[in-house]
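For reference, the structure is listed below as C-alpha cells.
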Protein chains: 2
Amino acid sequence: MTDLVRDLTEEQLLARIFPLLPKGKATVVGPGDDAAVVAAPDGQYVVSTDVLVEDRHFRARWSSGYDVGRRAAAQNLADVAAMGARPTSLVVSLVVPGDTAVEWVTSLARGLADACAPVRAGVVGGDLSGGDMIVVAVTVHGTLDWRSPVLRSGARPGDVLAHAGVRGRSAAGLALLDAGLATPGGDRHAELVGAYLRPEPPLSAGPAAARGGATAMLDLSDGLLRDAGRLARASRVSLDLDPAAFSADRKVLLPAADDVSAATGVPAAELVERWVYGGGEDHGLLATFPGTDVPAGWDAVGRVLEAGAGGPRVTVGGQESRVGPGWDHFAR
Amino acid sequence: MTDLVRDLTEEQLLARIFPLLPKGKATVVGPGDDAAVVAAPDGQYVVSTDVLVEDRHFRARWSSGYDVGRRAAAQNLADVAAMGARPTSLVVSLVVPGDTAVEWVTSLARGLADACAPVRAGVVGGDLSGGDMIVVAVTVHGTLDWRSPVLRSGARPGDVLAHAGVRGRSAAGLALLDAGLATPGGDRHAELVGAYLRPEPPLSAGPAAARGGATAMLDLSDGLLRDAGRLARASRVSLDLDPAAFSADRKVLLPAADDVSAATGVPAAELVERWVYGGGEDHGLLATFPGTDVPAGWDAVGRVLEAGAGGPRVTVGGQESRVGPGWDHFAR
C-alpha cells in the first residue's frame, strides 16, 4: 500500500525528509530548530525566492516529485547566480494535498538535493502544510565572496551581449509534451523533454561573469526577448541580438519543430524562432561585458547600443522581432 | 469597479506593491533585480520560512489581506526572535487566484509593512503567481549581533522556565469567530479576535532573552504543551508548568469561555485550560534561564527537571495534563 501524506503526522513526514536534505558547507545550524544559521563570511548575503504552483509551473502528470524538486531548486539557484553569487543555502515551503504519496514528497527532497549538489548548497529549513494543490516555495541564499553584485542596470553602449546555458530547449520539450509527441522518460526527444522537466542552469557561469567584469546580468526565465527587455530598460540601453549566434540552437531544435509542426500546422521555422527568442525556463544567464571578449562558458549573442530616441528596445539583426513579448502568470 | 489581479500584468501588480514595502535598515540591494543583497555584519544570518494557506491557516471571509500580511510576517519574525536574533529582512511569495481584488494584495503588503515596522526589517524580494487558493510563503532573516544562537537544546535541570507574550488569546478569538459569537472588526471580544487575526509576538523579548543568558528558547506556534514538549525532547529534560502562573490569563479568557460554553456546551473552565495550554498561534516565546530570575518582559511559568526514567515529559503542577497534544496540519 502506498503511504499518503495524510497518514503521517507532520513530524513523521519531516523525519522522512530531513535525512535526504543536503547539509551545505555554509550551514552553522541546520533544520530542526526555530530557524537555521548560515555563514556569510563577507558580511552580506544574496537572497531570492520563487514559487512553483501545480498546473501553472508544472503538471503532476508529467513531472515527478524529483523533477519538481530539481526545477524548484534550479530556478532559484539561477537567480542567485545571476547576481554573480555562489549559492549556499535554501529554505523550502511545501504545500501538498493529503492524498499525495509520501514517496512524491521524498523524491522532491532528492531532487532538491541533486540540484544543490554541484554547488554544495544546503537545505537548512522549511515548512509543510496541507492544501488543495501542490505549491513549492523556495528561497535561496548565496555569497558574493567579497565581490560586488552584478545588477541588471550596468550595461553600457559598446558592451558585448552574451549568454550562458541552453536556449529554447525547455520550450521545445514543453511543446512536445503538450502535443502528445513525447512522454516523460520516453526515448523520443528525451534531451528536450529532460530540459523542460529538469533544467540545468549554468550556475558557475554567474560568478565567472562577475570575475570576468560583467557590467550587467540577469537570469532568463520568461524568454530571451522579454528578459533582454528588462536588462535594456534597467540599464537604459538598447540591445541588438545577432540571429547568426543561434544557428546551432536552430539545428538542435529543428527535428522537434518538424514534429510539432506536423501535429499543429504551425510552420517549423516559426516554432524554432519562438522557442529560441520567446522560450522561458531554460534559466540561462544573459550578461554584458566591456569590449568584445566573453569568459569561458559564455556565447557572444549581440551588442549593447545607445537607447536612441524611442527609448530602450531589443532588436534582432537590427529589426523589430515578430516574436511576442513572452507570457504572463495571471493572464495565462 | 474593483480591479482584479487578473486585469493586471505581473509587472503592473508589482508596481503597485513595491512602493508599499518597507525598505529595511540592512538592505543593500532591494527588490527589482534577480535577487536582493542584505548586510550580515557579524558574518552569519538566521533564516526561517513559514507558509500560510487559505482555509488552513486563515479564512479569507474573516481575515483581510492586511490581517494575513500581519500574521504571515509576525509568525516568521517570531521564529527569528526565538533564536535570540533581530529580524532584518523578508522575502515573500504570494499565490493568488486571478479573481482576487488588487486591493486585497496591496493591503497584504501594508500588513507586512506594519508587522515589520517595530524591528525595521525590510521586504527585499518576492514572487507572484496565480493559483486556485491563496498561499503566502514568507522567509525571514535576522542578525544575532555577534551573539550565539539560542537553540531548543540547551535547557538544564534547575533552570527556570519562562514565557513572553500573551497566552490563549488567539485560540479564544478563533473559537469566538467559529461559534459566530464575534465578528472581525466587531466590538464583542475585540481584543481576543484581534489577537487571532493580528498576533503580535514579543519580538524584542528574543534578543533580550539571549542577552539575559537564556539556555534554550523556542517560538510557540502549536500550543504551550506541545511546543514545551519539543523543547523538553531537544534538551532531554522534563518541564513542569506552574498552573498558578496562568491565573491572570484565566481571568482574561473567562468571559469569552462563558460565551463559547453557552453556545457549545463545553464547560468554560475546560475551554480556558485548552486555550492556555493547547492554543497555538499567539507566537509567544518559551525560554529557560539559569537560576530563578527572568529578564524584563518574561514571566516565570515553571521549572526544568531531570528527564527521569520515562524520558522527557511536560507536566502541569506535577501532573500529566489532560489537554491534548495540539493539532496537526494534515490531520485537521
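Every chain in the C-alpha cells has a letter given in the order shown (A, B, ...), and although residue numbers restart at 1 in each chain, ligands are simply numbered from 1 in the order shown.
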
(message) Using only C-alpha atoms, which protein or nucleic acid residues come within 8 Å of region 291-304 of chain A? Drop anything in the same chain fewer than 6 positions from it, and give the result as a list in words.
(response) Ala155, Arg156, Pro157, Gly158, Asp159, Val160, Leu161, Ala162, His163, Ala164, Gly165, Ala205, Ala208, Ala209, Gly212, Val237, Ser238, Leu239, Asp240, Leu241, Asp242, Pro243, Ala245 and Phe246 of chain A

(request) Provide as an MDAnalysis selection string the residues of chain B at most 6 Å from chain A, counting only C-alpha atoms. (result) chainID B and resid 6 34:41 43:50 79 126:127 129:130 329:330

Quick one: residues within 7 Å of region 189-193 of chain A, only C-alpha atoms, excluding same-chain residues fewer than 6 positions away - as a CSV table (one decimal) with N, CA and C atoms, in the first residue's frame?
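Resulting contents of around_15.csv:
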chain,number,residue,atom,x,y,z
A,169,ARG,N,15.4,25.0,-25.4
A,169,ARG,CA,15.2,23.5,-25.1
A,169,ARG,C,14.0,23.3,-24.3
A,170,SER,N,13.8,24.0,-23.2
A,170,SER,CA,12.7,23.8,-22.3
A,170,SER,C,11.4,24.0,-23.0
A,172,ALA,N,10.8,23.8,-26.2
A,172,ALA,CA,10.5,22.7,-27.2
A,172,ALA,C,10.1,21.5,-26.5
A,173,GLY,N,10.7,21.2,-25.3
A,173,GLY,CA,10.2,20.0,-24.5
A,173,GLY,C,8.8,20.1,-24.1
A,174,LEU,N,8.4,21.3,-23.6
A,174,LEU,CA,7.0,21.5,-23.2
A,174,LEU,C,6.1,21.4,-24.4
A,182,ALA,N,5.8,13.4,-27.2
A,182,ALA,CA,6.8,12.8,-26.3
A,182,ALA,C,6.2,12.6,-25.0

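Distances from B:Asp114, B:Asp258, B:Asp249, B:Asp282 to Ala171 (chain B) were compared using only C-alpha atoms, and the smallest one belongs to B:Asp282.
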
(request) Looking only at alpha helix (DSSP H) from DSSP on the backbone, list the matching residues of region 59-171 of chain B as a PyMOL selection string. (result) chain B and resi 65-81+102-116+169-171

Requested write-out: N, CA and C atoms of the selected residues, as a JSON list (two decimals), in the first residue's frame:
[["chain", "number", "residue", "atom", "x", "y", "z"],
["B", 65, "GLY", "N", -6.77, 41.09, 3.72],
["B", 65, "GLY", "CA", -5.40, 41.00, 3.22],
["B", 65, "GLY", "C", -4.42, 41.57, 4.23],
["B", 66, "TYR", "N", -4.85, 42.66, 4.86],
["B", 66, "TYR", "CA", -3.99, 43.29, 5.87],
["B", 66, "TYR", "C", -3.70, 42.33, 7.01],
["B", 67, "ASP", "N", -4.74, 41.66, 7.52],
["B", 67, "ASP", "CA", -4.57, 40.70, 8.62],
["B", 67, "ASP", "C", -3.61, 39.57, 8.22],
["B", 68, "VAL", "N", -3.80, 39.04, 7.00],
["B", 68, "VAL", "CA", -2.96, 37.92, 6.56],
["B", 68, "VAL", "C", -1.50, 38.38, 6.44],
["B", 69, "GLY", "N", -1.30, 39.60, 5.95],
["B", 69, "GLY", "CA", 0.06, 40.12, 5.87],
["B", 69, "GLY", "C", 0.69, 40.27, 7.25],
["B", 70, "ARG", "N", -0.09, 40.82, 8.19],
["B", 70, "ARG", "CA", 0.39, 40.94, 9.57],
["B", 70, "ARG", "C", 0.74, 39.57, 10.14],
["B", 71, "ARG", "N", -0.18, 38.63, 9.97],
["B", 71, "ARG", "CA", 0.02, 37.29, 10.54],
["B", 71, "ARG", "C", 1.23, 36.59, 9.92],
["B", 72, "ALA", "N", 1.31, 36.66, 8.58],
["B", 72, "ALA", "CA", 2.40, 35.96, 7.87],
["B", 72, "ALA", "C", 3.75, 36.49, 8.33],
["B", 73, "ALA", "N", 3.86, 37.80, 8.43],
["B", 73, "ALA", "CA", 5.13, 38.38, 8.88],
["B", 73, "ALA", "C", 5.38, 38.04, 10.34],
["B", 74, "ALA", "N", 4.36, 38.20, 11.17],
["B", 74, "ALA", "CA", 4.55, 38.06, 12.62],
["B", 74, "ALA", "C", 5.06, 36.68, 12.99],
["B", 75, "GLN", "N", 4.45, 35.64, 12.38],
["B", 75, "GLN", "CA", 4.86, 34.30, 12.83],
["B", 75, "GLN", "C", 6.27, 33.97, 12.37],
["B", 76, "ASN", "N", 6.69, 34.54, 11.26],
["B", 76, "ASN", "CA", 8.06, 34.33, 10.82],
["B", 76, "ASN", "C", 9.05, 35.16, 11.63],
["B", 77, "LEU", "N", 8.68, 36.39, 11.91],
["B", 77, "LEU", "CA", 9.53, 37.24, 12.75],
["B", 77, "LEU", "C", 9.75, 36.57, 14.10],
["B", 78, "ALA", "N", 8.69, 35.91, 14.63],
["B", 78, "ALA", "CA", 8.80, 35.25, 15.93],
["B", 78, "ALA", "C", 9.81, 34.09, 15.88],
["B", 79, "ASP", "N", 9.87, 33.38, 14.75],
["B", 79, "ASP", "CA", 10.83, 32.29, 14.63],
["B", 79, "ASP", "C", 12.27, 32.79, 14.74],
["B", 80, "VAL", "N", 12.51, 33.93, 14.12],
["B", 80, "VAL", "CA", 13.86, 34.52, 14.18],
["B", 80, "VAL", "C", 14.14, 35.02, 15.60],
["B", 81, "ALA", "N", 13.16, 35.68, 16.20],
["B", 81, "ALA", "CA", 13.33, 36.16, 17.58],
["B", 81, "ALA", "C", 13.62, 35.00, 18.52],
["B", 102, "VAL", "N", -7.26, 43.45, -6.35],
["B", 102, "VAL", "CA", -5.92, 44.02, -6.22],
["B", 102, "VAL", "C", -5.76, 44.65, -4.84],
["B", 103, "GLU", "N", -6.85, 45.23, -4.34],
["B", 103, "GLU", "CA", -6.79, 45.87, -3.02],
["B", 103, "GLU", "C", -6.45, 44.86, -1.92],
["B", 104, "TRP", "N", -6.89, 43.60, -2.09],
["B", 104, "TRP", "CA", -6.53, 42.56, -1.10],
["B", 104, "TRP", "C", -5.02, 42.38, -1.06],
["B", 105, "VAL", "N", -4.42, 42.39, -2.24],
["B", 105, "VAL", "CA", -2.97, 42.18, -2.34],
["B", 105, "VAL", "C", -2.21, 43.39, -1.79],
["B", 106, "THR", "N", -2.66, 44.59, -2.13],
["B", 106, "THR", "CA", -1.95, 45.77, -1.62],
["B", 106, "THR", "C", -2.14, 45.91, -0.12],
["B", 107, "SER", "N", -3.29, 45.49, 0.40],
["B", 107, "SER", "CA", -3.43, 45.60, 1.86],
["B", 107, "SER", "C", -2.62, 44.52, 2.56],
["B", 108, "LEU", "N", -2.39, 43.39, 1.90],
["B", 108, "LEU", "CA", -1.45, 42.41, 2.45],
["B", 108, "LEU", "C", -0.05, 43.04, 2.57],
["B", 109, "ALA", "N", 0.34, 43.78, 1.54],
["B", 109, "ALA", "CA", 1.65, 44.44, 1.59],
["B", 109, "ALA", "C", 1.71, 45.43, 2.75],
["B", 110, "ARG", "N", 0.60, 46.14, 2.98],
["B", 110, "ARG", "CA", 0.56, 47.08, 4.12],
["B", 110, "ARG", "C", 0.66, 46.33, 5.45],
["B", 111, "GLY", "N", 0.03, 45.18, 5.53],
["B", 111, "GLY", "CA", 0.11, 44.37, 6.74],
["B", 111, "GLY", "C", 1.53, 43.89, 7.01],
["B", 112, "LEU", "N", 2.20, 43.44, 5.95],
["B", 112, "LEU", "CA", 3.61, 43.05, 6.09],
["B", 112, "LEU", "C", 4.42, 44.23, 6.61],
["B", 113, "ALA", "N", 4.18, 45.40, 6.01],
["B", 113, "ALA", "CA", 4.97, 46.58, 6.38],
["B", 113, "ALA", "C", 4.74, 46.95, 7.84],
["B", 114, "ASP", "N", 3.48, 46.91, 8.29],
["B", 114, "ASP", "CA", 3.21, 47.29, 9.69],
["B", 114, "ASP", "C", 3.82, 46.29, 10.66],
["B", 115, "ALA", "N", 3.82, 44.99, 10.28],
["B", 115, "ALA", "CA", 4.42, 43.99, 11.17],
["B", 115, "ALA", "C", 5.94, 44.16, 11.25],
["B", 116, "CYS", "N", 6.53, 44.63, 10.17],
["B", 116, "CYS", "CA", 7.99, 44.80, 10.13],
["B", 116, "CYS", "C", 8.45, 46.09, 10.80],
["B", 169, "ARG", "N", -4.96, 33.75, 23.86],
["B", 169, "ARG", "CA", -5.80, 34.80, 23.25],
["B", 169, "ARG", "C", -6.21, 34.44, 21.82],
["B", 170, "SER", "N", -5.25, 33.98, 21.03],
["B", 170, "SER", "CA", -5.55, 33.66, 19.63],
["B", 170, "SER", "C", -6.55, 32.52, 19.55],
["B", 171, "ALA", "N", -6.37, 31.49, 20.36],
["B", 171, "ALA", "CA", -7.29, 30.34, 20.35],
["B", 171, "ALA", "C", -8.69, 30.77, 20.76]]

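Separating CA of Leu271 (chain B) from CA of Val252 (chain B) is a distance of 12.6 Å.
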
(request) Quick one: pick out all strand (DSSP E or B) residues within region 41-103 of chain B from a backbone DSSP run and write them as a ChimeraX atom specification. (result) /B:44-54,58,86-96,101

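Counting from CA of Pro201 (chain A), the distance to CA of Gly84 (chain A) is 13.3 Å.
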
(request) State, in Å with one decimal place, the distance from CA of Ala309 (chain B) to CA of Ala244 (chain B). (result) 26.8 Å
